[in-house]
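Below is one structure; the comments refer to it alone.
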Amino acid sequence: MGLVHAWLMKQAQTSLNVSCRGRGMTNITSQIQSWLRGTGVQTGVMTVYVQHTSCSLIIQENADPDVLTDLETFMGKLVQDGHPDFLHVDEGIDDMSAHIRTTLTQVSLTIPVVNGQAALGIWQAVYVYEHRFASMQRRVLLHVVGE
Amino acid sequence: MGLVHAWLMKQAQTSLNVSCRGRGMTNITSQIQSWLRGTGVQTGVMTVYVQHTSCSLIIQENADPDVLTDLETFMGKLVQDGHPDFLHVDEGIDDMSAHIRTTLTQVSLTIPVVNGQAALGIWQAVYVYEHRFASMQRRVLLHVVGE
Amino acid sequence: MGLVHAWLMKQAQTSLNVSCRGRGMTNITSQIQSWLRGTGVQTGVMTVYVQHTSCSLIIQENADPDVLTDLETFMGKLVQDGHPDFLHVDEGIDDMSAHIRTTLTQVSLTIPVVNGQAALGIWQAVYVYEHRFASMQRRVLLHVVGE
């Protein structure tokens, strides 16, 4: 995988609307890979970015769903909903905990593009991790630069 | 938002010196957006990077300051200053806890650039999160590639 | 550090195989810097990406090894191996905890390139943070775009 010169370089970006049915993870890997194929970029780097402060992005196991269940169990104990310390309570007991969970995970991910695909490992998937209880529409931006 | 060809692509980078008045968050969103406007890049991707191991970067709520207060309260309980386990204590009780807080948050953020702006959501701001007690000068690098 | 026009821009990518001897951190900074020098990119941005869900990447102190020891002590208490809540237990008591530790840290890092080097702060190093007990071979992808 050597150097690639500029005159073939290009970029593309788009946004996805992701429907999240309350707290939990939504796998967006196939949407990302499908969009990438459409751009024709074979070699480069892509960014996945979520425009919110109470949901986040994670890269985690794509096989055993127990991993996601256990991760949520852990997060639920680590960040107590409606903790008596919280001042920011007007939007419900899940709102401040959602901000904290977002801070402890990610809102942006950067993934190399190899052979026209986001170069995820064989066990990796990209998830929007919704931290609010209610169903939400979340906006995810995708960007790629490469050739 | 389609493909953009290379012959218009360019990059720019700079560094910001951010004065942090002890533990807490400093909003650097307007500095980032202002610098981006100066580069003339309309479409692309930017990186925000902090060159330290005891402060970090977060993207969080820009409206209710209680969110930041509650987040700091949470972090203060999660990572106890001067925990008796710590071996790295020569620089004070806030030093090792600052390294841990940094690890649990971010030192680099990548944000798509749309219409000449870092494409933050309407509630998002970029903060330097200082974890040391003392006032510190922190160095943040900005990079953009696009056209 | 001004604008650089496209006709000199190029990209490069590679992968590193990193041998991790059980739980703990492996410093990959010199491998990253050495590869970057070979690409000839002077100004740009690089991505470091790990293709796994039970090890991660962190940027932390390169001087006092007690920082790494204390960080591991903290993580070990925060995420209990073999917690009775865990459903995902077939691969051992360190497997689910490894997934959680990975989620609380990073799988991708983006670092500006200045003067032909990843622009780490003077105290920063890049580590693969192995969370499994066993020795593992881990795959790290590097990408740079710049000129």
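Labels for the structure tokens follow display order: chains A, B, ..., residues from 1 in each chain, ligands from 1.
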
Within 12 Å of range 120-135 of chain C, which residues of range 66-107 of chain B show up? Give each one with its shortest atom-to-atom distance in Å (one decimal) and the two atoms involved, counting only C-alpha atoms, rows by chain then rising residue number, as JSON lines.
```
{"residue": "B:His99", "atom": "CA", "partner": "C:Gln124", "partner_atom": "CA", "distance": 11.1}
{"residue": "B:Thr102", "atom": "CA", "partner": "C:Gln124", "partner_atom": "CA", "distance": 11.8}
{"residue": "B:Thr103", "atom": "CA", "partner": "C:Tyr129", "partner_atom": "CA", "distance": 11.1}
{"residue": "B:Val107", "atom": "CA", "partner": "C:Gln124", "partner_atom": "CA", "distance": 10.4}
```

*When DSSP works through the backbone of this structure, what residues of chain C end up as helix (DSSP H, G or I), shown as JSON, numbers by chain?*
{"C": [6, 7, 8, 29, 30, 31, 32, 33, 34, 35, 36, 37, 38, 39, 65, 66, 67, 68, 69, 70, 71, 72, 73, 74, 75, 76, 77, 78, 95, 96, 97, 98, 99, 100, 101, 102, 103, 104]}

*asked:* Let me make sure I understand: among A:Ala98, A:Arg23, A:Thr29, A:Leu36, which one has the smallest atom-to-atom distance to Gln11 in chain A if we use only C-alpha atoms?
replied: A:Leu36

_Residue nearest chain C among B:Met9, B:Met136, B:Met46, B:Val114 (counting only C-alpha atoms)_ = B:Met9

*asked:* Neighbouring residues of Asn115 in chain C were defined as those with any atom within 9 Å, considering only C-alpha atoms; residues of the same chain fewer than 5 positions away were excluded. Please report them as a PyMOL selection string.
replied: chain C and resi 41-43

List every residue of chain A that has an atom at most 9 Å from any atom of chain C, giving for each one its closest atom pair and the distance in Å to one decimal, counting only C-alpha atoms, sorted by chain and then by ascending residue number, as CSV.
```
residue,atom,partner,partner_atom,distance
A:Met1,CA,C:Gln13,CA,5.6
A:Gly2,CA,C:Ala12,CA,5.4
A:Leu3,CA,C:Ala12,CA,4.6
A:Val4,CA,C:Gln11,CA,5.3
A:His5,CA,C:Lys10,CA,4.5
A:Ala6,CA,C:Met9,CA,4.8
A:Trp7,CA,C:Trp7,CA,6.4
A:Met9,CA,C:Lys10,CA,7.9
A:Thr43,CA,C:Gln13,CA,8.4
A:Gly44,CA,C:Gln11,CA,7.4
A:Val45,CA,C:His143,CA,7.2
A:Ile58,CA,C:Thr103,CA,6.7
A:Ile59,CA,C:Thr53,CA,7.3
A:Gln60,CA,C:Thr53,CA,5.5
A:Glu61,CA,C:Thr53,CA,6.1
A:Asp64,CA,C:His88,CA,7.8
A:Pro65,CA,C:His88,CA,8.6
A:Asp66,CA,C:His88,CA,5.4
A:Val67,CA,C:His88,CA,5.8
A:Thr69,CA,C:Leu87,CA,7.9
A:Asp70,CA,C:Phe86,CA,5.5
A:Leu71,CA,C:Ile100,CA,6.1
A:Thr73,CA,C:Asp85,CA,7.5
A:Phe74,CA,C:Ile100,CA,7.9
A:Met75,CA,C:Ile100,CA,9.0
A:Leu78,CA,C:Leu78,CA,8.6
A:Leu104,CA,C:Leu104,CA,5.9
A:Thr105,CA,C:Leu104,CA,5.8
A:Gln106,CA,C:Gln106,CA,8.1
A:Leu109,CA,C:Ser108,CA,6.4
A:Thr110,CA,C:Ser108,CA,5.9
A:Ile111,CA,C:Tyr49,CA,6.6
A:Pro112,CA,C:His143,CA,6.4
A:Val113,CA,C:His143,CA,8.9
A:Val114,CA,C:Gln13,CA,8.7
A:Ala119,CA,C:Gln51,CA,7.7
A:Leu120,CA,C:Gln51,CA,5.8
A:Gly121,CA,C:Gln51,CA,4.2
A:Ile122,CA,C:Gln51,CA,7.7
A:Trp123,CA,C:His52,CA,6.9
A:Gln124,CA,C:Thr53,CA,6.5
A:Val145,CA,C:Val145,CA,8.7
A:Gly146,CA,C:Gln11,CA,7.6
```

*Among chain C, which residues carry a DSSP assignment of strand (DSSP E or B), reported as a ChimeraX atom specification?*
/C:4-5,10-21,24-27,44-50,55-61,106,108-114,117-118,124-130,135-146

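With distances restricted to only C-alpha atoms, B:Ile28 is the closest residue to Asn62 in chain B from B:Cys20, B:Asp90, B:Ile28, B:Arg138.
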
*Do you have the CA of Ser30 in chain C-CA of Asn17 in chain B distance handy?*
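Going from CA of Ser30 in chain C over to CA of Asn17 in chain B covers 26.8 Å.
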
*What is the CA of Gln137 in chain C-CA of Ser56 in chain C distance in Å, reported with one decimal?*
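Separation of CA of Gln137 in chain C and CA of Ser56 in chain C: 12.8 Å.
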
*asked:* Report, in Å with one decimal, the straight-line distance from CA of Cys55 in chain B to CA of Asp94 in chain B.
replied: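 Pair CA of Cys55 in chain B / CA of Asp94 in chain B returns 11.3 Å.
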
*For Leu57 in chain C, which residue out of C:Gly76, C:Asn27, C:Gly92, C:Arg37 is the nearest one, using only C-alpha atoms?*
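So, comparing all the options, the nearest one is C:Asn27.
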